[in-house]
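Q: Handing over structure-v8.txt, compact mmCIF, C-alpha atoms and all ligand atoms.
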```
# COMPACT_ATOMS: atom_id res chain seq x y z
CA MET N 148 -73.20 60.80 -23.56
CA SER N 149 -72.73 58.03 -26.12
CA THR N 150 -75.08 55.09 -26.59
CA THR N 151 -74.47 51.55 -27.82
CA ALA N 152 -77.14 49.28 -29.31
CA ILE N 153 -76.71 45.55 -28.88
CA THR N 154 -78.80 43.87 -31.54
CA GLY N 155 -79.31 40.38 -32.96
CA ILE N 156 -79.99 38.80 -29.57
CA GLY N 157 -81.64 35.44 -30.33
CA LEU N 158 -83.11 35.14 -26.84
CA LEU N 159 -82.94 37.78 -24.09
CA VAL N 160 -83.61 36.54 -20.55
CA THR N 161 -84.37 39.66 -18.50
CA HIS N 162 -85.72 38.45 -15.11
CA ASP N 163 -87.90 41.56 -15.30
CA ALA N 164 -91.52 40.71 -14.44
CA GLU N 165 -92.94 42.72 -17.34
CA LEU N 166 -90.31 42.08 -19.99
CA GLY N 167 -89.83 38.33 -19.38
CA GLU N 168 -87.99 36.55 -22.20
CA ILE N 169 -87.77 38.32 -25.56
CA ARG N 170 -86.86 36.63 -28.85
CA ASP N 171 -85.04 38.62 -31.57
CA ALA N 172 -84.25 41.24 -28.98
CA ALA N 173 -82.03 44.30 -28.66
CA LEU N 174 -81.04 46.71 -25.93
CA VAL N 175 -79.35 50.08 -25.68
CA ILE N 176 -76.64 51.02 -23.18
CA GLU N 177 -75.80 54.58 -22.12
CA GLU N 178 -72.76 54.90 -19.88
CA ASP N 179 -73.13 52.17 -17.22
CA ARG N 180 -76.91 51.68 -17.55
CA ILE N 181 -79.46 50.01 -19.78
CA VAL N 182 -81.73 52.68 -21.30
CA TRP N 183 -83.86 50.65 -23.72
CA VAL N 184 -84.95 46.98 -24.04
CA GLY N 185 -87.19 45.53 -26.76
CA ARG N 186 -87.44 43.80 -30.13
CA SER N 187 -84.52 44.14 -32.52
CA ALA N 188 -86.90 45.49 -35.18
CA ASP N 189 -87.77 48.46 -32.96
CA VAL N 190 -84.30 49.44 -31.72
CA PRO N 191 -83.75 53.21 -31.64
CA ASP N 192 -80.71 54.86 -33.24
CA ALA N 193 -77.50 54.69 -31.18
CA ASP N 194 -73.96 55.96 -31.61
CA ASP N 195 -72.48 52.46 -31.85
CA ALA N 196 -73.90 49.04 -32.57
CA SER N 197 -72.85 45.49 -31.90
CA ASP N 198 -74.67 42.51 -33.47
CA LEU N 199 -74.71 39.22 -31.55
CA ASP N 200 -75.73 37.02 -34.47
CA GLY N 201 -78.48 35.18 -32.58
CA ARG N 202 -76.63 34.52 -29.34
CA CYS N 203 -78.55 34.36 -26.08
CA VAL N 204 -78.09 37.17 -23.51
CA ILE N 205 -78.59 36.86 -19.74
CA PRO N 206 -77.86 39.19 -16.81
CA GLY N 207 -74.28 38.97 -15.52
CA PHE N 208 -73.92 36.44 -12.71
CA VAL N 209 -74.13 37.81 -9.15
CA ASP N 210 -71.79 35.80 -6.91
CA SER N 211 -73.05 36.79 -3.46
CA HIS N 212 -70.66 34.63 -1.37
CA THR N 213 -66.88 34.48 -1.86
CA HIS N 214 -63.71 34.51 0.23
CA LEU N 215 -61.25 35.95 -2.31
CA VAL N 216 -58.73 37.59 0.04
CA PHE N 217 -56.25 34.85 0.90
CA ALA N 218 -52.82 33.46 0.12
CA GLY N 219 -51.67 29.91 -0.50
CA ASP N 220 -53.69 26.90 -1.62
CA ARG N 221 -54.85 23.69 0.02
CA ALA N 222 -54.65 21.16 -2.79
CA PRO N 223 -53.10 18.51 -0.49
CA GLU N 224 -56.08 18.89 1.89
CA PHE N 225 -58.47 18.40 -1.05
CA GLU N 226 -56.49 15.40 -2.22
CA ALA N 227 -56.65 13.84 1.26
CA ARG N 228 -60.41 14.50 1.37
CA MET N 229 -60.90 12.67 -1.88
CA SER N 230 -59.24 9.68 -0.16
CA GLY N 231 -61.78 9.81 2.65
CA ARG N 232 -60.59 12.41 5.16
CA PRO N 233 -63.56 14.59 6.28
CA TYR N 234 -63.70 18.39 5.86
CA THR N 235 -63.44 20.34 9.13
CA ALA N 236 -63.42 24.05 9.96
CA GLY N 237 -59.86 23.58 11.30
CA GLY N 238 -58.31 23.70 7.82
CA ILE N 239 -58.96 27.45 7.75
CA GLN N 240 -55.93 27.96 10.03
CA SER N 241 -53.38 27.07 7.35
CA THR N 242 -54.80 29.77 5.08
CA VAL N 243 -54.64 32.22 7.99
CA VAL N 244 -50.89 31.59 8.35
CA ALA N 245 -50.29 32.19 4.63
CA THR N 246 -52.57 35.25 4.53
CA ARG N 247 -50.91 36.93 7.50
CA ALA N 248 -47.51 36.41 5.86
CA ALA N 249 -48.60 37.94 2.53
CA SER N 250 -48.19 41.63 1.68
CA ASP N 251 -51.15 43.84 0.79
CA ASP N 252 -49.96 43.87 -2.82
CA GLU N 253 -49.79 40.07 -2.93
CA LEU N 254 -53.31 39.76 -1.48
CA THR N 255 -54.66 42.39 -3.87
CA GLY N 256 -52.95 40.84 -6.89
CA HIS N 257 -54.26 37.37 -6.12
CA ALA N 258 -57.83 38.54 -5.46
CA ALA N 259 -57.75 40.66 -8.64
CA THR N 260 -56.66 37.58 -10.63
CA LEU N 261 -59.67 35.69 -9.28
CA ILE N 262 -61.97 38.63 -10.13
CA ALA N 263 -60.60 38.60 -13.70
CA GLU N 264 -61.24 34.84 -13.86
CA MET N 265 -64.79 35.50 -12.71
CA LEU N 266 -65.43 38.28 -15.22
CA ALA N 267 -64.23 36.00 -18.01
CA SER N 268 -66.78 33.41 -16.90
CA GLY N 269 -69.63 35.93 -16.74
CA THR N 270 -69.65 37.09 -13.11
CA THR N 271 -70.13 40.85 -12.97
CA THR N 272 -70.98 41.34 -9.26
CA THR N 273 -68.97 39.72 -6.46
CA GLU N 274 -69.31 39.89 -2.70
CA ILE N 275 -65.99 39.39 -0.89
CA LYS N 276 -65.51 38.34 2.74
CA THR N 277 -62.56 38.84 5.03
CA GLY N 278 -61.87 35.96 7.42
CA TYR N 279 -58.34 34.73 6.82
CA GLY N 280 -56.64 37.47 8.86
CA LEU N 281 -58.26 36.91 12.26
CA SER N 282 -56.28 39.68 13.96
CA THR N 283 -57.35 43.32 13.97
CA VAL N 284 -54.55 44.38 11.64
CA ASP N 285 -54.92 41.45 9.24
CA GLU N 286 -58.72 41.65 9.10
CA GLN N 287 -58.49 45.39 8.43
CA ARG N 288 -55.93 44.74 5.68
CA SER N 289 -58.23 42.11 4.17
CA ALA N 290 -61.24 44.45 4.30
CA HIS N 291 -59.22 47.22 2.67
CA VAL N 292 -58.01 44.90 -0.11
CA ALA N 293 -61.58 43.67 -0.71
CA SER N 294 -62.95 47.23 -0.80
CA ARG N 295 -60.71 48.00 -3.76
CA LEU N 296 -62.44 45.24 -5.74
CA THR N 297 -66.13 45.40 -4.74
CA ASP N 298 -68.77 47.50 -2.98
CA ASP N 299 -70.04 44.38 -1.19
CA VAL N 300 -67.37 43.68 1.41
CA THR N 301 -68.26 41.43 4.36
CA PHE N 302 -66.44 41.43 7.70
CA LEU N 303 -65.93 37.78 8.72
CA GLY N 304 -63.58 38.16 11.68
CA ALA N 305 -65.77 35.42 13.20
CA HIS N 306 -64.65 32.75 10.74
CA VAL N 307 -62.92 30.66 13.43
CA ALA N 308 -60.98 31.67 16.56
CA PRO N 309 -57.25 31.86 15.69
CA PRO N 310 -54.77 29.61 17.57
CA GLU N 311 -53.70 32.39 19.98
CA TYR N 312 -57.31 32.47 21.25
CA ALA N 313 -57.85 28.69 21.22
CA ASP N 314 -58.65 28.41 24.93
CA ARG N 315 -60.46 31.73 25.27
CA THR N 316 -62.95 31.97 22.46
CA ASP N 317 -65.13 34.42 24.40
CA ASP N 318 -62.20 36.86 24.50
CA TYR N 319 -61.92 36.51 20.73
CA VAL N 320 -65.67 37.17 20.35
CA ALA N 321 -65.23 40.36 22.40
CA LEU N 322 -62.36 41.43 20.13
CA VAL N 323 -64.36 40.73 16.97
CA ALA N 324 -67.40 42.62 18.29
CA GLY N 325 -65.20 45.47 19.57
CA ALA N 326 -61.86 46.72 18.25
CA MET N 327 -61.76 44.48 15.18
CA LEU N 328 -65.25 45.55 14.10
CA ASP N 329 -64.29 49.20 14.65
CA ALA N 330 -61.23 48.77 12.42
CA CYS N 331 -63.06 46.93 9.63
CA ALA N 332 -66.52 48.52 9.52
CA PRO N 333 -65.44 51.56 7.46
CA TYR N 334 -64.57 49.22 4.56
CA CYS N 335 -67.60 46.93 4.90
CA ARG N 336 -71.28 46.77 4.02
CA TRP N 337 -71.92 43.42 5.73
CA ILE N 338 -70.98 41.29 8.73
CA ASP N 339 -71.02 37.47 8.74
CA VAL N 340 -70.40 34.75 11.36
CA PHE N 341 -69.54 31.08 10.79
CA CYS N 342 -72.05 29.63 13.28
CA ASP N 343 -71.44 25.90 13.10
CA HIS N 344 -69.71 22.87 14.57
CA GLY N 345 -66.06 23.80 15.24
CA ALA N 346 -66.67 27.52 14.78
CA PHE N 347 -68.94 29.86 16.85
CA ASP N 348 -72.01 28.93 18.88
CA VAL N 349 -75.35 30.69 18.59
CA ASP N 350 -74.84 33.06 21.55
CA GLN N 351 -71.42 34.13 20.28
CA ALA N 352 -72.84 34.58 16.78
CA ARG N 353 -75.74 36.66 18.07
CA ALA N 354 -73.43 38.96 20.04
CA ILE N 355 -71.22 39.60 17.00
CA LEU N 356 -74.11 40.10 14.58
CA VAL N 357 -75.89 42.51 16.92
CA ALA N 358 -72.66 44.51 17.33
CA GLY N 359 -72.34 44.68 13.54
CA HIS N 360 -75.95 45.76 13.17
CA LEU N 361 -75.37 48.57 15.68
CA ARG N 362 -72.43 49.69 13.49
CA GLY N 363 -74.80 49.89 10.52
CA LEU N 364 -73.73 46.67 8.79
CA GLY N 365 -76.17 44.27 7.14
CA LEU N 366 -76.21 40.68 8.39
CA ARG N 367 -75.25 37.38 6.74
CA VAL N 368 -74.68 34.02 8.43
CA HIS N 369 -72.69 30.89 7.48
CA ALA N 370 -75.45 28.57 8.66
CA ASN N 371 -75.93 24.81 8.96
CA GLN N 372 -73.06 23.82 6.66
CA LEU N 373 -71.38 21.09 8.70
CA ALA N 374 -74.19 20.05 11.01
CA HIS N 375 -77.77 20.89 11.88
CA GLY N 376 -77.96 23.73 14.42
CA PRO N 377 -79.73 26.98 15.31
CA ALA N 378 -77.88 29.24 12.82
CA VAL N 379 -80.61 29.42 10.17
CA GLN N 380 -83.18 30.31 12.83
CA LEU N 381 -80.80 32.97 14.17
CA ALA N 382 -80.39 34.47 10.69
CA VAL N 383 -84.18 34.69 10.29
CA GLU N 384 -84.68 36.03 13.83
CA LEU N 385 -82.18 38.85 13.23
CA GLY N 386 -83.49 39.67 9.75
CA ALA N 387 -80.24 38.70 8.00
CA ALA N 388 -80.15 39.29 4.26
CA SER N 389 -78.91 35.77 3.75
CA ALA N 390 -78.39 32.41 5.45
CA ASP N 391 -75.59 30.72 3.54
CA HIS N 392 -74.91 27.01 2.90
CA CYS N 393 -78.19 25.66 4.41
CA THR N 394 -76.92 22.13 3.89
CA HIS N 395 -78.59 20.61 6.96
CA LEU N 396 -82.17 21.89 7.29
CA ASN N 397 -85.25 20.57 9.05
CA GLU N 398 -88.84 21.48 8.22
CA ALA N 399 -88.88 24.31 10.79
CA ASP N 400 -85.79 25.88 9.14
CA ILE N 401 -87.40 25.66 5.72
CA GLU N 402 -90.63 27.19 7.01
CA ALA N 403 -88.71 29.96 8.76
CA LEU N 404 -86.80 30.83 5.59
CA ALA N 405 -89.95 30.67 3.46
CA GLY N 406 -91.76 33.04 5.80
CA SER N 407 -88.95 35.59 5.90
CA ALA N 408 -86.97 38.01 3.74
CA THR N 409 -83.79 36.01 4.44
CA VAL N 410 -82.46 34.47 1.24
CA ALA N 411 -81.21 30.87 1.37
CA THR N 412 -77.86 31.07 -0.42
CA LEU N 413 -76.80 27.62 -1.60
CA LEU N 414 -73.15 26.86 -2.39
CA PRO N 415 -73.01 23.53 -4.23
CA GLY N 416 -69.31 23.94 -5.01
CA ALA N 417 -68.68 23.34 -1.31
CA GLU N 418 -70.68 20.11 -1.24
CA PHE N 419 -68.93 19.00 -4.44
CA SER N 420 -65.45 19.71 -3.05
CA THR N 421 -66.11 18.28 0.40
CA ARG N 422 -68.08 15.30 -0.94
CA SER N 423 -71.09 16.17 1.21
CA PRO N 424 -74.83 15.87 0.66
CA TYR N 425 -76.31 18.77 -1.31
CA PRO N 426 -78.74 21.24 0.31
CA PRO N 427 -82.49 20.65 -0.14
CA ALA N 428 -83.07 23.24 -2.85
CA ARG N 429 -86.28 21.65 -4.14
CA ARG N 430 -87.90 21.68 -0.70
CA LEU N 431 -86.86 25.30 -0.17
CA LEU N 432 -88.29 26.39 -3.51
CA ASP N 433 -91.50 24.41 -3.09
CA ALA N 434 -91.99 26.00 0.33
CA GLY N 435 -91.62 29.46 -1.22
CA ALA N 436 -88.14 30.44 0.03
CA THR N 437 -85.96 32.74 -2.06
CA VAL N 438 -82.88 30.82 -3.19
CA ALA N 439 -79.55 32.23 -4.38
CA LEU N 440 -76.63 30.28 -5.83
CA ALA N 441 -73.02 31.36 -5.26
CA THR N 442 -69.55 29.84 -5.57
CA ASP N 443 -68.19 30.22 -1.98
CA CYS N 444 -64.84 30.61 -3.79
CA ASN N 445 -62.18 29.86 -1.15
CA PRO N 446 -59.05 27.70 -0.97
CA GLY N 447 -60.54 25.14 1.44
CA SER N 448 -64.08 24.01 0.78
CA SER N 449 -64.78 25.29 -2.74
CA TYR N 450 -61.98 26.54 -4.95
CA THR N 451 -64.16 27.33 -7.97
CA SER N 452 -64.97 30.81 -9.27
CA ASN N 453 -67.34 29.51 -11.90
CA MET N 454 -71.07 30.23 -11.56
CA ALA N 455 -71.98 28.10 -14.59
CA PHE N 456 -70.48 25.10 -12.78
CA CYS N 457 -72.68 25.87 -9.76
CA ILE N 458 -75.73 26.13 -12.01
CA ALA N 459 -74.92 22.73 -13.51
CA LEU N 460 -74.58 21.20 -10.02
CA ALA N 461 -77.84 22.81 -8.87
CA VAL N 462 -79.70 21.37 -11.86
CA ARG N 463 -78.12 17.91 -11.82
CA GLU N 464 -77.77 17.36 -8.08
CA MET N 465 -80.34 19.63 -6.39
CA GLU N 466 -83.40 19.26 -8.63
CA MET N 467 -83.53 22.91 -9.60
CA THR N 468 -84.81 23.59 -13.10
CA PRO N 469 -82.37 25.34 -15.45
CA ALA N 470 -84.54 28.49 -15.27
CA GLU N 471 -84.61 28.43 -11.45
CA ALA N 472 -80.86 27.93 -11.27
CA LEU N 473 -80.18 30.82 -13.65
CA TRP N 474 -82.53 33.09 -11.66
CA SER N 475 -80.84 32.12 -8.40
CA ALA N 476 -77.37 32.80 -9.86
CA THR N 477 -78.39 36.29 -11.00
CA ALA N 478 -81.54 37.85 -9.50
CA GLY N 479 -81.34 35.59 -6.43
CA GLY N 480 -77.79 36.73 -5.72
CA ALA N 481 -78.94 40.34 -6.09
CA ARG N 482 -81.70 39.69 -3.50
CA ALA N 483 -79.11 38.17 -1.16
CA LEU N 484 -77.13 41.41 -1.46
CA ARG N 485 -80.32 43.51 -1.24
CA ARG N 486 -79.56 45.13 -4.59
CA ASP N 487 -82.03 45.93 -7.35
CA ASP N 488 -79.54 47.32 -9.89
CA VAL N 489 -77.98 43.96 -10.85
CA GLY N 490 -79.19 40.45 -11.72
CA VAL N 491 -81.86 41.86 -14.05
CA ILE N 492 -82.00 43.37 -17.53
CA SER N 493 -84.37 46.33 -17.46
CA VAL N 494 -84.34 50.06 -18.08
CA GLY N 495 -82.28 51.70 -15.35
CA ALA N 496 -80.40 48.55 -14.33
CA ARG N 497 -76.64 48.32 -14.60
CA ALA N 498 -75.50 47.22 -18.06
CA ASP N 499 -74.00 43.95 -16.74
CA LEU N 500 -74.61 41.38 -19.44
CA VAL N 501 -73.42 38.01 -20.67
CA ALA N 502 -73.74 36.73 -24.24
CA LEU N 503 -73.69 32.94 -24.44
CA GLN N 504 -72.38 30.88 -27.33
CA ALA N 505 -75.65 28.96 -27.07
CA PRO N 506 -79.28 29.31 -28.16
CA SER N 507 -80.58 29.26 -24.58
CA PRO N 508 -79.27 29.31 -20.99
CA VAL N 509 -80.34 25.67 -20.60
CA HIS N 510 -76.96 24.95 -22.19
CA LEU N 511 -75.23 26.16 -18.98
CA ALA N 512 -76.28 22.85 -17.36
CA TYR N 513 -76.70 20.81 -20.55
CA ARG N 514 -73.06 21.45 -21.58
CA PRO N 515 -71.28 21.37 -18.20
CA GLY N 516 -67.67 22.45 -18.15
CA VAL N 517 -67.85 24.07 -21.59
CA PRO N 518 -66.84 27.76 -21.68
CA LEU N 519 -70.05 29.17 -23.17
CA VAL N 520 -69.47 32.84 -22.25
CA ALA N 521 -68.85 34.58 -25.58
CA ALA N 522 -68.81 38.15 -24.22
CA THR N 523 -69.34 40.03 -20.95
CA TRP N 524 -70.22 43.67 -20.33
CA LYS N 525 -69.77 45.22 -16.88
CA ASP N 526 -71.06 48.73 -16.20
CA GLY N 527 -71.65 49.03 -19.94
CA GLN N 528 -68.05 48.24 -20.86
CA PRO N 529 -67.11 45.13 -22.86
CA ILE N 530 -64.65 42.96 -20.96
CA THR N 531 -61.66 41.93 -22.98
CA SER N 532 -59.53 39.10 -21.64
O1 LIG U 1 -67.79 28.89 3.43
N1 LIG U 1 -67.55 27.55 6.15
C1 LIG U 1 -66.72 28.37 6.41
N2 LIG U 1 -65.92 29.00 5.55
C2 LIG U 1 -65.65 28.57 4.22
C3 LIG U 1 -64.54 27.59 4.16
C4 LIG U 1 -63.28 28.15 4.59
C5 LIG U 1 -62.09 27.27 4.44
O2 LIG U 1 -62.17 26.03 4.54
O3 LIG U 1 -61.02 27.88 4.22
C6 LIG U 1 -66.91 28.08 3.56
O4 LIG U 1 -67.05 26.92 3.16
FE FE U 2 -68.18 30.67 2.85
```
Could you render the structure as structure tokens?
Ligand code: NIG
Ligand code: FE
A:
Amino acid sequence: MSTTAITGIGLLVTHDAELGEIRDAALVIEEDRIVWVGRSADVPDADDASDLDGRCVIPGFVDSHTHLVFAGDRAPEFEARMSGRPYTAGGIQSTVVATRAASDDELTGHAATLIAEMLASGTTTTEIKTGYGLSTVDEQRSAHVASRLTDDVTFLGAHVAPPEYADRTDDYVALVAGAMLDACAPYCRWIDVFCDHGAFDVDQARAILVAGHLRGLGLRVHANQLAHGPAVQLAVELGAASADHCTHLNEADIEALAGSATVATLLPGAEFSTRSPYPPARRLLDAGATVALATDCNPGSSYTSNMAFCIALAVREMEMTPAEALWSATAGGARALRRDDVGVISVGARADLVALQAPSPVHLAYRPGVPLVAATWKDGQPITS
């Protein structure tokens, strides 16, 4: 098996408790894994070498919340919002129409284009949700498409009730927790429910999440995005891996998250694109909650695939330090996906790395909008765009 040494790393940010940050660093990759990390001066012999000329290296971004399987776009809806129209869950329906009309190849091609966009901007792990099919056949198609692009597929049949179930949401809940779950579970690792104003109530969400748990899926919840409600508490009560959005939180929600293993996944692209108040990241961190940052990439509330943009928002708008934001966009995302092989640079971890055209990752927020990703490696392979 061949090895590659990456040397000349000006600053290596590992997120490994023992290794910390290393100046003048190097690492060695064998196949898809990191097999050595240390000072450049001590690097062992390897079959190949690549010198980074002082660039900074960080773990690849872990985007733990996306909705990449869809067709169409909603630029007119965004444009209307910027003129004062509020964001509502109802906009999802127009994407459902376009997604149902698209072929599997069209859905796969579009999602793969977004994944390529993400790799080019340093994202090496991506969770993908279904949720724009909302019929058994279209949710299963979406789950199948997603499973060709990631190991972290989430069944979100409970995004909203589709129009054909408008007056009988409980029937839709029974479908989601029954035949639709049966059809999608083989492709999925996770189940999620949009438990919020205009979507599903707490009893409906609980029924669907419990059904998913009994099918062996891990739990995630779209919680407290549009209004304050019981969704965060439900996520904690059920031991969900993540409560996502967390825009409207009271002290009891913050305490519950801080005292649990449920990660608070914050999605500042959604607040940016819906012109909403940002989630209380500082209060969550000060209380001791684990915070992840993700893009929420979707055509309605947050059509960005760029984790560096989310880091910049988190630092500028949510009072996170640059170091906290970077941790949340890498190791925090890994926690939200209950993975220990990504989001960290250590011996045995996946060789998912980003070299920045910058002396330190502070530049991700300091130079917002600038494409600082000089090179990305996923599973030990350099990504060429
Ligand atoms: O996470 N909140 C629910 N779902 C998406 C938005 C979906 C849409 O508007 O198409 C979100 O923001
Ligand atoms: Fe979402």
Q: Which residue is closest to Ala470 of chain N? Choose from N:Gly435, N:Pro508, N:Gly238, N:Gly516 and count only C-alpha atoms.
A: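 Result for the nearest residue to Ala470 of chain N: N:Pro508.
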Q: Using all atoms listed in the file, can you tell me which of N:Tyr425, N:Phe208, N:Tyr450, N:Phe302 comes closest to ligand LIG 1 (chain U)?
A: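 For ligand LIG 1 (chain U), the nearest of the candidates is N:Tyr450.
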Q: Counting only C-alpha atoms and all ligand atoms, which residues in chain N sit no more than 8 Å from ligand FE 2 (chain U)? For each one, give the nearest pair of atoms and the distance in Å, sorted by chain then residue number, as a tab-separated table.
A:
```
residue	atom	partner	partner_atom	distance
N:His212	CA	U:FE2	FE	6.3
N:Thr213	CA	U:FE2	FE	6.2
N:His214	CA	U:FE2	FE	6.4
N:His369	CA	U:FE2	FE	6.5
N:Asp391	CA	U:FE2	FE	7.4
N:His392	CA	U:FE2	FE	7.7
N:Asp443	CA	U:FE2	FE	4.9
N:Cys444	CA	U:FE2	FE	7.4
N:Asn445	CA	U:FE2	FE	7.3
```
Q: Tell me which protein, DNA and RNA residues are within 9 Å of segment 336-344 of chain N, counting all atoms listed in the file, leaving out same-chain ones fewer than 3 positions away, and put them as a count of residues only.
A: 42
Q: Please provide as a list in words all residues within 10 Å of Ile401 of chain N, with the sequence filter that same-chain residues fewer than 5 positions apart are discarded (counting all atoms listed in the file).
A: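 Close residues of Ile401 of chain N: Val379, Gln380, Cys393, Leu396, Gly406, Ala411, Pro427, Ala428, Arg430, Leu431, Leu432, Asp433, Ala434, Gly435 and Ala436 of chain N.
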Q: Might you pull out every residue within 8 Å of Ser268 of chain N, with all atoms listed in the file counted and same-chain residues fewer than 5 positions away left off, and present them as a count of residues only?
A: 5
Q: Which residues, written as a list in words, have at least one atom at most 10 Å from Ala218 of chain N, with only C-alpha atoms counted and residues fewer than 6 positions away on the same chain left out?
A: Ser241, Thr242, Val243, Val244, Ala245, Thr246, Arg247, Ala248, Ala249, Ser250, Glu253, Leu254, Thr255, His257, Ala258, Tyr279 and Pro446 of chain N
Q: Any chance you could model N, CA and C atoms for segment 283-300 of chain N and send them as a PDB file, in the frame of the given file?
A:
```
ATOM      1  N   THR N 283     -56.795  42.024  14.369  1.00  0.00           N
ATOM      2  CA  THR N 283     -57.350  43.320  13.970  1.00  0.00           C
ATOM      3  C   THR N 283     -56.616  43.862  12.747  1.00  0.00           C
ATOM      4  N   VAL N 284     -55.292  43.795  12.762  1.00  0.00           N
ATOM      5  CA  VAL N 284     -54.550  44.380  11.640  1.00  0.00           C
ATOM      6  C   VAL N 284     -54.756  43.582  10.364  1.00  0.00           C
ATOM      7  N   ASP N 285     -54.798  42.259  10.459  1.00  0.00           N
ATOM      8  CA  ASP N 285     -54.920  41.450   9.240  1.00  0.00           C
ATOM      9  C   ASP N 285     -56.354  41.420   8.706  1.00  0.00           C
ATOM     10  N   GLU N 286     -57.334  41.527   9.585  1.00  0.00           N
ATOM     11  CA  GLU N 286     -58.720  41.650   9.100  1.00  0.00           C
ATOM     12  C   GLU N 286     -58.923  43.015   8.440  1.00  0.00           C
ATOM     13  N   GLN N 287     -58.348  44.061   9.037  1.00  0.00           N
ATOM     14  CA  GLN N 287     -58.490  45.390   8.430  1.00  0.00           C
ATOM     15  C   GLN N 287     -57.806  45.426   7.060  1.00  0.00           C
ATOM     16  N   ARG N 288     -56.616  44.819   6.980  1.00  0.00           N
ATOM     17  CA  ARG N 288     -55.930  44.740   5.680  1.00  0.00           C
ATOM     18  C   ARG N 288     -56.803  44.012   4.660  1.00  0.00           C
ATOM     19  N   SER N 289     -57.395  42.905   5.088  1.00  0.00           N
ATOM     20  CA  SER N 289     -58.230  42.110   4.170  1.00  0.00           C
ATOM     21  C   SER N 289     -59.442  42.919   3.715  1.00  0.00           C
ATOM     22  N   ALA N 290     -60.064  43.638   4.652  1.00  0.00           N
ATOM     23  CA  ALA N 290     -61.240  44.450   4.300  1.00  0.00           C
ATOM     24  C   ALA N 290     -60.844  45.564   3.328  1.00  0.00           C
ATOM     25  N   HIS N 291     -59.684  46.147   3.552  1.00  0.00           N
ATOM     26  CA  HIS N 291     -59.220  47.220   2.670  1.00  0.00           C
ATOM     27  C   HIS N 291     -58.957  46.678   1.265  1.00  0.00           C
ATOM     28  N   VAL N 292     -58.276  45.532   1.189  1.00  0.00           N
ATOM     29  CA  VAL N 292     -58.010  44.900  -0.110  1.00  0.00           C
ATOM     30  C   VAL N 292     -59.342  44.619  -0.827  1.00  0.00           C
ATOM     31  N   ALA N 293     -60.292  44.023  -0.101  1.00  0.00           N
ATOM     32  CA  ALA N 293     -61.580  43.670  -0.710  1.00  0.00           C
ATOM     33  C   ALA N 293     -62.318  44.918  -1.203  1.00  0.00           C
ATOM     34  N   SER N 294     -62.199  46.018  -0.443  1.00  0.00           N
ATOM     35  CA  SER N 294     -62.950  47.230  -0.800  1.00  0.00           C
ATOM     36  C   SER N 294     -62.425  47.874  -2.067  1.00  0.00           C
ATOM     37  N   ARG N 295     -61.224  47.487  -2.494  1.00  0.00           N
ATOM     38  CA  ARG N 295     -60.710  48.000  -3.760  1.00  0.00           C
ATOM     39  C   ARG N 295     -61.284  47.231  -4.948  1.00  0.00           C
ATOM     40  N   LEU N 296     -61.963  46.117  -4.671  1.00  0.00           N
ATOM     41  CA  LEU N 296     -62.440  45.240  -5.740  1.00  0.00           C
ATOM     42  C   LEU N 296     -63.957  45.116  -5.812  1.00  0.00           C
ATOM     43  N   THR N 297     -64.664  45.500  -4.740  1.00  0.00           N
ATOM     44  CA  THR N 297     -66.130  45.400  -4.740  1.00  0.00           C
ATOM     45  C   THR N 297     -66.735  46.370  -3.734  1.00  0.00           C
ATOM     46  N   ASP N 298     -68.020  46.701  -3.957  1.00  0.00           N
ATOM     47  CA  ASP N 298     -68.770  47.500  -2.980  1.00  0.00           C
ATOM     48  C   ASP N 298     -69.358  46.607  -1.886  1.00  0.00           C
ATOM     49  N   ASP N 299     -69.415  45.304  -2.143  1.00  0.00           N
ATOM     50  CA  ASP N 299     -70.040  44.380  -1.190  1.00  0.00           C
ATOM     51  C   ASP N 299     -68.970  43.612  -0.425  1.00  0.00           C
ATOM     52  N   VAL N 300     -68.384  44.298   0.566  1.00  0.00           N
ATOM     53  CA  VAL N 300     -67.370  43.680   1.410  1.00  0.00           C
ATOM     54  C   VAL N 300     -68.038  43.211   2.709  1.00  0.00           C
TER      55      VAL N 300
END
```
